[in-house]
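**Q** File name model-v4.txt; file contents compact mmCIF, C-alpha atoms; full text below.
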# COMPACT_ATOMS: atom_id res chain seq x y z
CA MET M 1 5.10 -28.52 37.75
CA GLU M 2 4.82 -32.24 37.10
CA PHE M 3 5.89 -33.36 33.62
CA LYS M 4 2.44 -34.53 32.56
CA GLU M 5 0.90 -31.26 33.62
CA VAL M 6 3.49 -29.31 31.62
CA VAL M 7 2.53 -31.31 28.54
CA GLY M 8 -1.13 -30.73 29.32
CA ARG M 9 -0.71 -26.98 29.69
CA ARG M 10 1.30 -26.42 26.54
CA ARG M 11 -0.53 -24.49 23.87
CA SER M 12 0.71 -22.37 21.00
CA ILE M 13 0.26 -19.03 22.71
CA ARG M 14 -0.46 -16.19 20.30
CA PHE M 15 -1.61 -13.49 22.68
CA PHE M 16 1.36 -12.32 24.75
CA ASP M 17 1.51 -9.51 27.26
CA PRO M 18 3.74 -7.22 25.20
CA ASP M 19 4.86 -5.13 28.17
CA ARG M 20 5.82 -7.80 30.67
CA PRO M 21 9.50 -8.69 30.37
CA VAL M 22 10.77 -12.24 30.70
CA GLU M 23 13.41 -12.92 33.33
CA ARG M 24 16.81 -13.80 31.85
CA GLU M 25 17.03 -16.72 34.26
CA LYS M 26 13.97 -18.29 32.67
CA ILE M 27 15.45 -17.95 29.20
CA GLN M 28 18.61 -19.65 30.40
CA THR M 29 16.51 -22.45 31.87
CA ILE M 30 14.83 -22.91 28.49
CA LEU M 31 18.22 -23.17 26.78
CA GLU M 32 19.61 -25.49 29.44
CA THR M 33 16.65 -27.80 28.81
CA ALA M 34 17.33 -27.83 25.06
CA ARG M 35 20.96 -28.70 25.73
CA LEU M 36 19.98 -31.81 27.65
CA ALA M 37 17.85 -33.25 24.85
CA SER M 38 18.56 -36.66 23.42
CA CYS M 39 20.86 -36.30 20.44
CA ALA M 40 22.10 -38.68 17.76
CA VAL M 41 25.87 -39.31 17.90
CA ASN M 42 26.00 -36.60 20.58
CA ALA M 43 26.50 -34.06 17.80
CA HIS M 44 24.09 -31.33 19.00
CA TRP M 45 22.99 -29.60 15.84
CA LEU M 46 20.71 -27.07 17.53
CA ARG M 47 21.92 -23.48 17.85
CA ALA M 48 19.92 -20.58 19.21
CA ILE M 49 20.11 -16.82 19.08
CA VAL M 50 18.09 -15.10 21.79
CA VAL M 51 16.73 -11.70 20.91
CA ASN M 52 14.97 -9.21 23.13
CA ARG M 53 12.29 -7.76 20.88
CA ASP M 54 12.93 -4.20 21.99
CA ASP M 55 16.69 -4.44 21.40
CA LEU M 56 16.20 -5.41 17.78
CA PRO M 57 16.39 -2.44 15.40
CA GLU M 58 13.00 -1.82 13.79
CA GLU M 59 14.35 -2.45 10.31
CA LYS M 60 15.61 -5.88 11.28
CA ARG M 61 12.43 -6.69 13.19
CA ASN M 62 10.36 -5.86 10.14
CA MET M 63 12.61 -8.03 7.98
CA LEU M 64 11.94 -10.99 10.26
CA LYS M 65 8.16 -10.68 10.11
CA THR M 66 6.28 -13.19 8.02
CA PRO M 67 2.66 -12.60 6.98
CA VAL M 68 1.32 -15.04 9.56
CA ALA M 69 3.67 -14.17 12.42
CA ALA M 70 4.00 -10.39 12.17
CA LEU M 71 1.70 -9.72 15.08
CA THR M 72 3.06 -12.39 17.41
CA LEU M 73 6.57 -11.10 16.77
CA ASP M 74 5.41 -7.70 17.95
CA LEU M 75 3.66 -9.15 20.97
CA ALA M 76 6.30 -11.53 22.27
CA PRO M 77 9.08 -9.81 24.27
CA VAL M 78 11.65 -12.55 23.58
CA HIS M 79 12.39 -14.36 20.34
CA ILE M 80 14.62 -17.41 20.23
CA TYR M 81 15.83 -18.14 16.71
CA PHE M 82 16.77 -21.77 16.26
CA PHE M 83 19.30 -22.87 13.68
CA VAL M 84 20.75 -26.20 12.63
CA ASP M 85 24.55 -26.31 12.46
CA LEU M 86 25.23 -28.71 9.60
CA GLY M 87 28.99 -28.38 9.95
CA ILE M 88 29.18 -29.82 13.43
CA VAL M 89 29.64 -33.48 12.47
CA ASN M 90 32.76 -32.81 10.41
CA ARG M 91 34.21 -30.48 13.00
CA ILE M 92 33.96 -32.89 15.90
CA LYS M 93 34.77 -36.00 13.83
CA GLY M 94 33.33 -38.47 16.29
CA SER M 95 35.03 -36.95 19.36
CA ARG M 96 31.75 -36.53 21.23
CA LEU M 97 30.92 -40.16 20.63
CA LYS M 98 34.23 -41.02 22.28
CA GLN M 99 33.23 -38.79 25.19
CA LEU M 100 30.20 -41.02 25.57
CA VAL M 101 32.48 -44.05 25.65
CA ASP M 102 34.62 -42.36 28.31
CA ALA M 103 31.51 -41.44 30.27
CA GLY M 104 30.29 -45.00 30.25
CA ALA M 105 27.19 -44.22 28.25
CA LEU M 106 28.48 -46.32 25.36
CA ALA M 107 30.32 -49.42 26.45
CA PRO M 108 32.12 -52.42 24.99
CA SER M 109 29.14 -54.45 26.21
CA HIS M 110 27.28 -52.87 23.30
CA GLY M 111 30.21 -52.99 20.89
CA TRP M 112 31.58 -49.49 21.41
CA SER M 113 35.25 -48.45 21.58
CA HIS M 114 37.35 -45.44 20.59
CA LYS M 115 38.79 -47.46 17.74
CA PHE M 116 35.35 -48.32 16.42
CA VAL M 117 34.52 -44.61 16.30
CA ASP M 118 37.85 -43.58 14.74
CA ASP M 119 38.11 -46.38 12.18
CA PHE M 120 34.53 -46.99 11.30
CA VAL M 121 31.78 -44.73 12.64
CA TYR M 122 33.16 -41.36 11.61
CA PRO M 123 34.95 -42.18 8.33
CA GLN M 124 32.55 -44.83 7.09
CA ILE M 125 29.18 -43.57 8.29
CA LEU M 126 29.11 -40.01 9.58
CA GLU M 127 31.37 -38.24 7.11
CA PRO M 128 29.70 -39.86 4.06
CA MET M 129 26.31 -39.09 5.61
CA THR M 130 27.08 -35.37 5.60
CA ARG M 131 27.65 -35.49 1.84
CA ASN M 132 24.21 -36.99 1.23
CA LEU M 133 22.23 -33.84 1.96
CA GLU M 134 18.91 -35.45 1.09
CA GLY M 135 19.31 -37.72 4.09
CA TYR M 136 21.55 -35.60 6.31
CA VAL M 137 19.50 -32.40 6.44
CA PRO M 138 16.21 -34.02 7.51
CA ALA M 139 18.09 -36.09 10.12
CA ALA M 140 19.80 -33.02 11.56
CA PHE M 141 16.50 -31.09 11.59
CA ALA M 142 14.66 -33.92 13.28
CA ASP M 143 17.29 -34.04 15.97
CA ALA M 144 17.29 -30.28 16.47
CA GLY M 145 13.49 -30.35 16.52
CA GLY M 146 13.56 -32.67 19.50
CA ALA M 147 15.82 -30.27 21.38
CA ALA M 148 13.58 -27.34 20.47
CA GLN M 149 10.59 -29.26 21.80
CA ASN M 150 12.42 -29.62 25.13
CA ALA M 151 12.88 -25.86 25.12
CA LEU M 152 9.22 -25.33 24.35
CA LEU M 153 8.07 -27.45 27.25
CA ALA M 154 10.54 -25.72 29.57
CA ALA M 155 8.95 -22.37 28.74
CA PHE M 156 5.60 -23.63 29.99
CA ASP M 157 7.18 -25.19 33.05
CA GLU M 158 8.53 -21.71 33.83
CA GLY M 159 5.01 -20.29 33.70
CA LEU M 160 5.56 -18.65 30.33
CA GLY M 161 3.77 -19.00 27.03
CA ALA M 162 5.47 -19.82 23.76
CA CYS M 163 4.79 -20.55 20.13
CA LEU M 164 6.96 -21.98 17.35
CA ASN M 165 6.97 -20.29 13.97
CA THR M 166 8.93 -20.76 10.77
CA PRO M 167 10.74 -17.60 9.76
CA ASN M 168 12.06 -16.76 6.31
CA PRO M 169 15.32 -18.77 6.28
CA MET M 170 17.24 -16.41 4.05
CA LEU M 171 16.33 -13.35 6.08
CA THR M 172 17.19 -14.87 9.46
CA LYS M 173 20.63 -15.81 8.14
CA GLN M 174 21.08 -12.30 6.84
CA VAL M 175 19.83 -10.53 9.97
CA PHE M 176 21.93 -12.55 12.39
CA GLY M 177 25.00 -13.11 10.22
CA VAL M 178 25.24 -16.79 11.08
CA PRO M 179 27.84 -19.11 9.52
CA GLU M 180 27.16 -20.34 6.02
CA ASP M 181 26.54 -23.92 7.15
CA TRP M 182 23.80 -23.01 9.63
CA LEU M 183 20.26 -23.48 8.39
CA SER M 184 17.35 -21.59 9.87
CA MET M 185 14.77 -23.77 11.60
CA TRP M 186 12.21 -22.06 13.87
CA VAL M 187 11.69 -19.03 15.98
CA MET M 188 10.24 -19.65 19.40
CA LEU M 189 8.32 -16.62 20.60
CA VAL M 190 8.31 -16.36 24.37
CA GLY M 191 6.49 -14.19 26.87
CA TYR M 192 3.87 -14.14 29.55
CA PRO M 193 0.50 -15.02 28.06
CA ALA M 194 -2.10 -12.29 27.90
CA GLU M 195 -4.64 -15.09 27.60
CA SER M 196 -5.54 -17.62 30.27
CA TRP M 197 -3.36 -20.72 30.49
CA GLU M 198 -6.18 -22.75 28.96
CA ALA M 199 -6.03 -20.50 25.87
CA GLY M 200 -9.38 -21.81 24.79
CA GLY M 201 -8.74 -25.45 25.67
CA GLN M 202 -6.58 -28.33 24.47
CA ARG M 203 -6.37 -28.25 20.70
CA PRO M 204 -8.11 -30.83 18.54
CA ARG M 205 -5.94 -33.79 17.62
CA PRO M 206 -6.47 -36.65 15.18
CA ASP M 207 -7.84 -39.82 16.71
CA PHE M 208 -5.20 -41.81 18.62
CA GLU M 209 -5.75 -44.94 16.54
CA GLU M 210 -5.33 -42.99 13.34
CA LEU M 211 -1.78 -42.09 14.34
CA TYR M 212 -0.33 -45.12 16.08
CA TYR M 213 -0.12 -48.79 15.16
CA GLU M 214 0.86 -51.95 16.89
CA GLY M 215 3.05 -54.59 15.29
CA GLU M 216 2.24 -53.66 11.74
CA TYR M 217 0.81 -50.91 9.62
CA GLY M 218 -2.95 -50.77 9.67
CA LYS M 219 -3.41 -52.37 13.07
CA PRO M 220 -4.23 -49.50 15.42
CA PHE M 221 -2.64 -49.33 18.84
CA ARG M 222 -5.70 -49.76 21.00
CA ARG M 223 -6.39 -46.84 23.29
CA ASP M 224 -7.24 -47.86 26.83
CA GLU M 225 -9.80 -45.47 28.32
CA ALA M 226 -8.54 -46.24 31.82
CA VAL M 227 -5.18 -44.75 30.82
CA VAL M 228 -6.95 -41.75 29.37
CA GLU M 229 -8.70 -41.21 32.68
CA LYS M 230 -5.40 -41.45 34.56
CA LEU M 231 -3.89 -38.84 32.24
CA LYS M 232 -6.87 -36.60 32.82
CA ALA M 233 -6.33 -36.93 36.56
CA ALA M 234 -2.64 -36.08 36.04
CA LYS M 235 -3.72 -32.95 34.10
CA MET M 236 -2.07 -34.06 30.88
CA ILE M 237 -5.31 -34.47 28.98
CA THR M 238 -7.30 -31.35 29.69
CA ALA M 239 -10.62 -29.88 28.63
CA PRO M 240 -10.84 -29.78 24.85
CA ALA M 241 -11.16 -26.61 22.79
CA PRO M 242 -13.21 -24.63 22.31
CA LEU M 243 -14.01 -23.79 25.92
CA PRO M 244 -17.35 -22.00 26.26
CA ASP M 245 -15.83 -18.62 27.11
CA ARG M 246 -13.16 -18.61 24.41
CA LYS M 247 -14.91 -16.16 22.12
CA ASP M 248 -15.37 -13.73 25.00
CA GLU M 249 -11.70 -14.08 25.82
CA ILE M 250 -10.65 -13.40 22.22
CA ARG M 251 -12.98 -10.43 22.09
CA ARG M 252 -11.48 -9.02 25.29
CA LEU M 253 -7.91 -9.53 24.04
CA THR M 254 -8.77 -8.04 20.68
CA GLU M 255 -10.11 -4.97 22.39
CA GLU M 256 -7.26 -4.67 24.91
CA LEU M 257 -4.51 -5.09 22.35
CA GLY M 258 -6.25 -3.11 19.60
CA LEU M 259 -6.51 -5.91 17.05
CA PRO M 260 -8.94 -6.60 14.20
CA GLU M 261 -12.16 -8.41 15.12
CA MET K 1 -15.67 7.66 -5.91
CA ALA K 2 -19.41 6.97 -5.56
CA LEU K 3 -20.46 3.38 -5.08
CA ASP K 4 -23.03 2.22 -7.60
CA GLN K 5 -25.14 0.44 -4.97
CA PRO K 6 -25.59 0.53 -1.19
CA ILE K 7 -22.43 -0.82 0.41
CA ALA K 8 -24.36 -3.51 2.27
CA ASP K 9 -25.40 -5.02 -1.07
CA TYR K 10 -21.90 -5.83 -2.22
CA GLU K 11 -21.19 -9.52 -2.00
CA THR K 12 -17.97 -9.01 -0.07
CA ALA K 13 -19.77 -6.74 2.41
CA ARG K 14 -22.30 -9.53 2.99
CA THR K 15 -19.46 -12.02 3.42
CA TRP K 16 -17.96 -9.71 6.02
CA ARG K 17 -21.20 -9.43 7.94
CA ASN K 18 -21.69 -13.20 7.85
CA GLY K 19 -18.10 -13.77 8.93
CA LEU K 20 -18.50 -11.51 11.95
CA LYS K 21 -21.73 -13.25 12.87
CA GLU K 22 -20.14 -16.66 12.54
CA GLN K 23 -17.09 -15.63 14.56
CA TRP K 24 -18.84 -13.85 17.41
CA GLY K 25 -22.25 -15.47 17.41
CA ASP K 26 -24.37 -12.34 17.48
CA GLU K 27 -25.77 -10.08 14.77
CA PRO K 28 -23.11 -7.40 14.23
CA ASP K 29 -24.02 -3.75 14.12
CA MET K 30 -22.63 -2.83 10.73
CA THR K 31 -23.40 0.90 10.70
CA ALA K 32 -20.00 2.20 11.80
CA ARG K 33 -18.23 -0.67 10.04
CA PHE K 34 -19.84 0.05 6.67
CA ASP K 35 -19.19 3.73 7.15
CA ALA K 36 -15.48 3.06 7.68
CA LEU K 37 -15.37 0.75 4.68
CA GLU K 38 -17.12 3.27 2.48
CA ARG K 39 -14.62 5.96 3.47
CA PHE K 40 -11.82 3.57 2.64
CA CYS K 41 -13.42 2.91 -0.76
CA VAL K 42 -13.34 6.65 -1.39
CA LEU K 43 -9.63 6.73 -0.59
CA THR K 44 -8.80 3.82 -2.89
CA GLY K 45 -11.32 4.60 -5.62
CA ARG K 46 -12.44 0.97 -5.60
CA ASP K 47 -15.65 -0.70 -4.47
CA PRO K 48 -15.52 -3.54 -1.89
CA ASP K 49 -15.81 -6.39 -4.40
CA ALA K 50 -13.16 -4.84 -6.62
CA MET K 51 -10.73 -4.51 -3.70
CA ILE K 52 -11.06 -8.17 -2.80
CA ALA K 53 -10.78 -9.14 -6.47
CA ASP K 54 -7.60 -7.05 -6.67
CA CYS K 55 -6.08 -9.18 -3.92
CA THR K 56 -6.79 -12.56 -5.48
CA ARG K 57 -6.21 -14.40 -8.71
CA LEU K 58 -7.36 -17.73 -9.99
CA VAL K 59 -4.80 -20.33 -10.90
CA GLU K 60 -5.26 -23.95 -11.97
CA THR K 61 -5.22 -25.17 -8.38
CA GLY K 62 -7.61 -22.55 -7.04
CA LYS K 63 -7.48 -19.08 -5.60
CA ARG K 64 -4.20 -17.33 -4.75
CA ILE K 65 -3.57 -14.14 -2.84
CA ARG K 66 -1.77 -11.43 -4.78
CA ILE K 67 0.95 -10.52 -2.33
CA LYS K 68 1.74 -7.18 -3.95
CA ALA K 69 -1.90 -6.04 -3.96
CA ARG K 70 -2.39 -7.14 -0.37
CA ARG K 71 0.69 -5.20 0.66
CA GLU K 72 -0.56 -2.12 -1.20
CA TYR K 73 -3.95 -2.32 0.52
CA SER K 74 -2.24 -2.90 3.84
CA GLU K 75 -0.23 0.28 3.30
CA LYS K 76 -3.39 2.12 2.24
CA ILE K 77 -5.08 1.07 5.47
CA ALA K 78 -2.14 2.41 7.48
CA GLU K 79 -2.38 5.66 5.53
CA PHE K 80 -6.17 5.74 6.04
CA GLN K 81 -5.96 5.33 9.79
CA GLU K 82 -3.15 7.84 10.20
CA ALA K 83 -5.09 10.46 8.26
CA SER K 84 -8.25 9.88 10.26
CA GLY K 85 -7.40 12.00 13.30
CA GLY K 86 -8.26 10.95 16.84
CA THR K 87 -6.07 9.14 19.32
CA PRO K 88 -3.65 6.42 18.16
CA ARG K 89 -6.06 3.92 19.68
CA GLU K 90 -9.01 5.30 17.69
CA GLN K 91 -6.93 5.35 14.53
CA GLN K 92 -5.92 1.75 15.09
CA LYS K 93 -9.52 0.77 15.64
CA LEU K 94 -10.59 2.37 12.39
CA GLY K 95 -7.80 0.62 10.47
CA ASN K 96 -8.68 -2.65 12.11
CA THR K 97 -12.28 -2.28 11.00
CA VAL K 98 -11.10 -2.22 7.39
CA ARG K 99 -8.63 -5.05 8.04
CA SER K 100 -11.53 -7.07 9.41
CA PHE K 101 -13.31 -6.64 6.06
CA PHE K 102 -10.31 -8.09 4.22
CA ILE K 103 -9.78 -10.85 6.78
CA HIS K 104 -13.36 -12.12 6.63
CA ASN K 105 -13.07 -12.17 2.85
CA GLY K 106 -10.11 -14.54 3.12
CA ILE K 107 -7.32 -12.01 2.67
CA PHE K 108 -4.93 -12.74 5.50
CA MET K 109 -3.83 -9.51 7.12
CA GLN K 110 -2.33 -8.55 10.47
CA SER K 111 -2.00 -5.23 12.21
CA GLY K 112 0.74 -4.03 14.50
CA LEU K 113 0.04 -2.96 18.04
CA ALA K 114 -1.71 0.29 18.83
CA GLY K 115 0.73 3.13 19.43
In structure tokens, write the structure found in this file.

**A**
Amino acid sequence: MEFKEVVGRRRSIRFFDPDRPVEREKIQTILETARLASCAVNAHWLRAIVVNRDDLPEEKRNMLKTPVAALTLDLAPVHIYFFVDLGIVNRIKGSRLKQLVDAGALAPSHGWSHKFVDDFVYPQILEPMTRNLEGYVPAAFADAGGAAQNALLAAFDEGLGACLNTPNPMLTKQVFGVPEDWLSMWVMLVGYPAESWEAGGQRPRPDFEELYYEGEYGKPFRRDEAVVEKLKAAKMITAPAPLPDRKDEIRRLTEELGLPE
Amino acid sequence: MALDQPIADYETARTWRNGLKEQWGDEPDMTARFDALERFCVLTGRDPDAMIADCTRLVETGKRIRIKARREYSEKIAEFQEASGGTPREQQKLGNTVRSFFIHNGIFMQSGLAG
């Protein structure tokens, strides 16, 4: 699928076919895509634990349910629990930045050298940063969030549906026995959608100009309708929700899956 | 427990009917739904308005859901559907009817999948 179409087809899928398994190869593809995400200082904070719903003991599965995601956890055959490894920066001590120098991604042309990393970047910036949790934790989460978004798009590119949820952070740590310095981030529920790919249409979004500015705060970035039309043609901007048959679709799914109306 | 007025006259029963109409667009047939709710009221010994009131409390910033009460009602619904006889699918449907009453009255509730 073309990139723009993948973006255009992504929805938070909440009706999964509970009985259709997901191929392991597709899960690996999702993880491979996360691994290739852009990452500050090449640290790679994102960690994932992949769980097949039916392999999880019922007691643990129930522990992981939150009030708003209990049903989707039951429906989705695969759960990918994302964590943020806060300890990574002090374990690698700048070595992955030096790998970037060796790989030619960071070059003297831009001021980079092994010595700069060893003498300045790690001891003067990165290590102190990890002690300022107020700044470090949001930065690590933002970075991991970008990688998780790669994973999310990959799921749709593989013809799957997916949805991100926030689990109870204490319980995920307990259930999976992760290291003390890992923080729980999201669970990505993955499976084949029981609903159509449109899932009722592209979700409402705030106006473009309300979100983006040009040059300074308060001066909206002007939206060019010709670009919008091109993106529609590329299937990135698709028919907006609610599509006319959405209620019928929900009613059918409700009936098929035995859910409240 | 006998209700002190027809079930359709309770405010929360009206909210439920209106919620179904708003969600699905047509006038819902409430006969079987009210019957299920009334049977559930008998099990809990509470009328519809009282059940919803049990699940909420007012705080300075507005209405809050009482998690413990919601969990207790959720467990009661599971008990209600299991005791109802019929196939697992029919039991689930009955429980979901009662869940729908809570949901349309703003008490977030989810069911598991039918057995």

**Q** Distance limit 9 Å, atoms considered: only C-alpha atoms. Which chain K residues sit that close to chain M? Return them as a PyMOL selection string.

**A** chain K and resi 20+23-25+89+92-93+95-100+103+108-114

**Q** So, counting only C-alpha atoms, which residue among M:Asp245, M:Glu23, M:Glu127, M:Asp85 is closest to Ala144 (chain M)?

**A**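 Closest candidate: M:Asp85.
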
**Q** Give me, as an NGL selection string, all polymer residues having an atom no more than 12 Å from Lys21 (chain K), counting only C-alpha atoms and skipping those fewer than 6 positions away in the same chain.

**A** (:M and (247 or 261)) or (:K and (14-15 or 27-30 or 104))

**Q** Please provide the set of residues having any atom within 9 Å of Arg10 (chain M), restricted to only C-alpha atoms, with same-chain residues fewer than 5 positions apart removed, written as a list in words.

**A**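 Once the adjacent positions are removed, what remains is Glu5, Leu152, Leu153, Ala155, Phe156, Asp157, Gly161, Ala162, Trp197, Glu198 and Gln202 of chain M.
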
**Q** Let's have the selection written as a compact mmCIF listing (two decimals), keeping the file's coordinate frame, with C-alpha atoms.

**A**
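Output file again-v1.txt follows:
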# COMPACT_ATOMS: atom_id res chain seq x y z
CA GLU M 5 0.90 -31.26 33.62
CA LEU M 152 9.22 -25.33 24.35
CA LEU M 153 8.07 -27.45 27.25
CA ALA M 155 8.95 -22.37 28.74
CA PHE M 156 5.60 -23.63 29.99
CA ASP M 157 7.18 -25.19 33.05
CA GLY M 161 3.77 -19.00 27.03
CA ALA M 162 5.47 -19.82 23.76
CA TRP M 197 -3.36 -20.72 30.49
CA GLU M 198 -6.18 -22.75 28.96
CA GLN M 202 -6.58 -28.33 24.47

**Q** Between CA of Phe101 (chain K) and CA of Ala8 (chain K), what distance in Å does the model show, to one decimal?

**A**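 That distance, rounded to one decimal, is 12.1 Å.
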
**Q** CA of Arg203 (chain M) and CA of Lys232 (chain M), how far apart in Å?

**A**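 Those two atoms sit 14.7 Å apart.
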
**Q** Would you please work out which residue, of K:Asp9, K:Ile65, K:Thr56, K:Ala36, is nearest to Ile77 (chain K) when using all atoms listed in the file?

**A**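 Residue with the minimum atom-to-atom distance to Ile77 (chain K): K:Ala36.
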
**Q** Would you work out the distance separating CA of Gly191 (chain M) from CA of Ala43 (chain M), expressed in Å to one decimal?

**A**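 CA of Ala43 (chain M) lies 29.6 Å from CA of Gly191 (chain M).
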
**Q** I need the residue nearest Arg39 (chain K) from this list: K:Thr87, K:Leu58, K:Ala2, K:Glu11. Use only C-alpha atoms for the distance.

**A**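 The closest residue to Arg39 (chain K) is K:Ala2.
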
**Q** With all atoms listed in the file as the basis for distance, which of K:Thr12, K:Ile107, K:Ala53, K:Phe40 is at the shortest distance from Ala78 (chain K)?

**A**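 Checking each of K:Thr12, K:Ile107, K:Ala53, K:Phe40 against Ala78 (chain K), counting all atoms listed in the file, the winner is K:Phe40.
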
**Q** Since the input is missing atoms for region 64-81 of chain K, could you rebuild it with N, CA and C atoms and give the result as a PDB file, in the coordinates of the input?

**A**
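In the end it all went to result.pdb:
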ATOM      1  N   ARG K  64      -5.458 -17.760  -5.366  1.00  0.00           N
ATOM      2  CA  ARG K  64      -4.200 -17.330  -4.750  1.00  0.00           C
ATOM      3  C   ARG K  64      -4.324 -15.877  -4.310  1.00  0.00           C
ATOM      4  N   ILE K  65      -3.610 -15.552  -3.257  1.00  0.00           N
ATOM      5  CA  ILE K  65      -3.570 -14.140  -2.840  1.00  0.00           C
ATOM      6  C   ILE K  65      -2.465 -13.430  -3.601  1.00  0.00           C
ATOM      7  N   ARG K  66      -2.801 -12.265  -4.131  1.00  0.00           N
ATOM      8  CA  ARG K  66      -1.770 -11.430  -4.780  1.00  0.00           C
ATOM      9  C   ARG K  66      -1.041 -10.666  -3.684  1.00  0.00           C
ATOM     10  N   ILE K  67       0.189 -11.077  -3.447  1.00  0.00           N
ATOM     11  CA  ILE K  67       0.950 -10.520  -2.330  1.00  0.00           C
ATOM     12  C   ILE K  67       1.147  -9.005  -2.489  1.00  0.00           C
ATOM     13  N   LYS K  68       1.446  -8.601  -3.720  1.00  0.00           N
ATOM     14  CA  LYS K  68       1.740  -7.180  -3.950  1.00  0.00           C
ATOM     15  C   LYS K  68       0.494  -6.331  -3.667  1.00  0.00           C
ATOM     16  N   ALA K  69      -0.657  -6.801  -4.169  1.00  0.00           N
ATOM     17  CA  ALA K  69      -1.900  -6.040  -3.960  1.00  0.00           C
ATOM     18  C   ALA K  69      -2.256  -5.997  -2.481  1.00  0.00           C
ATOM     19  N   ARG K  70      -2.082  -7.129  -1.802  1.00  0.00           N
ATOM     20  CA  ARG K  70      -2.390  -7.140  -0.370  1.00  0.00           C
ATOM     21  C   ARG K  70      -1.499  -6.153   0.379  1.00  0.00           C
ATOM     22  N   ARG K  71      -0.228  -6.134  -0.005  1.00  0.00           N
ATOM     23  CA  ARG K  71       0.690  -5.200   0.660  1.00  0.00           C
ATOM     24  C   ARG K  71       0.260  -3.756   0.387  1.00  0.00           C
ATOM     25  N   GLU K  72      -0.144  -3.497  -0.860  1.00  0.00           N
ATOM     26  CA  GLU K  72      -0.560  -2.120  -1.200  1.00  0.00           C
ATOM     27  C   GLU K  72      -1.797  -1.720  -0.394  1.00  0.00           C
ATOM     28  N   TYR K  73      -2.753  -2.647  -0.271  1.00  0.00           N
ATOM     29  CA  TYR K  73      -3.950  -2.320   0.520  1.00  0.00           C
ATOM     30  C   TYR K  73      -3.597  -2.175   2.008  1.00  0.00           C
ATOM     31  N   SER K  74      -2.673  -2.990   2.442  1.00  0.00           N
ATOM     32  CA  SER K  74      -2.240  -2.900   3.840  1.00  0.00           C
ATOM     33  C   SER K  74      -1.637  -1.519   4.104  1.00  0.00           C
ATOM     34  N   GLU K  75      -0.839  -1.058   3.159  1.00  0.00           N
ATOM     35  CA  GLU K  75      -0.230   0.280   3.300  1.00  0.00           C
ATOM     36  C   GLU K  75      -1.301   1.369   3.225  1.00  0.00           C
ATOM     37  N   LYS K  76      -2.293   1.145   2.361  1.00  0.00           N
ATOM     38  CA  LYS K  76      -3.390   2.120   2.240  1.00  0.00           C
ATOM     39  C   LYS K  76      -4.168   2.212   3.556  1.00  0.00           C
ATOM     40  N   ILE K  77      -4.348   1.065   4.192  1.00  0.00           N
ATOM     41  CA  ILE K  77      -5.080   1.070   5.470  1.00  0.00           C
ATOM     42  C   ILE K  77      -4.287   1.867   6.512  1.00  0.00           C
ATOM     43  N   ALA K  78      -2.981   1.655   6.528  1.00  0.00           N
ATOM     44  CA  ALA K  78      -2.140   2.410   7.480  1.00  0.00           C
ATOM     45  C   ALA K  78      -2.269   3.903   7.205  1.00  0.00           C
ATOM     46  N   GLU K  79      -2.245   4.249   5.932  1.00  0.00           N
ATOM     47  CA  GLU K  79      -2.380   5.660   5.530  1.00  0.00           C
ATOM     48  C   GLU K  79      -3.756   6.192   5.948  1.00  0.00           C
ATOM     49  N   PHE K  80      -4.772   5.384   5.717  1.00  0.00           N
ATOM     50  CA  PHE K  80      -6.170   5.740   6.040  1.00  0.00           C
ATOM     51  C   PHE K  80      -6.314   6.016   7.532  1.00  0.00           C
ATOM     52  N   GLN K  81      -5.769   5.137   8.346  1.00  0.00           N
ATOM     53  CA  GLN K  81      -5.960   5.330   9.790  1.00  0.00           C
ATOM     54  C   GLN K  81      -5.153   6.512  10.310  1.00  0.00           C
TER      55      GLN K  81
END
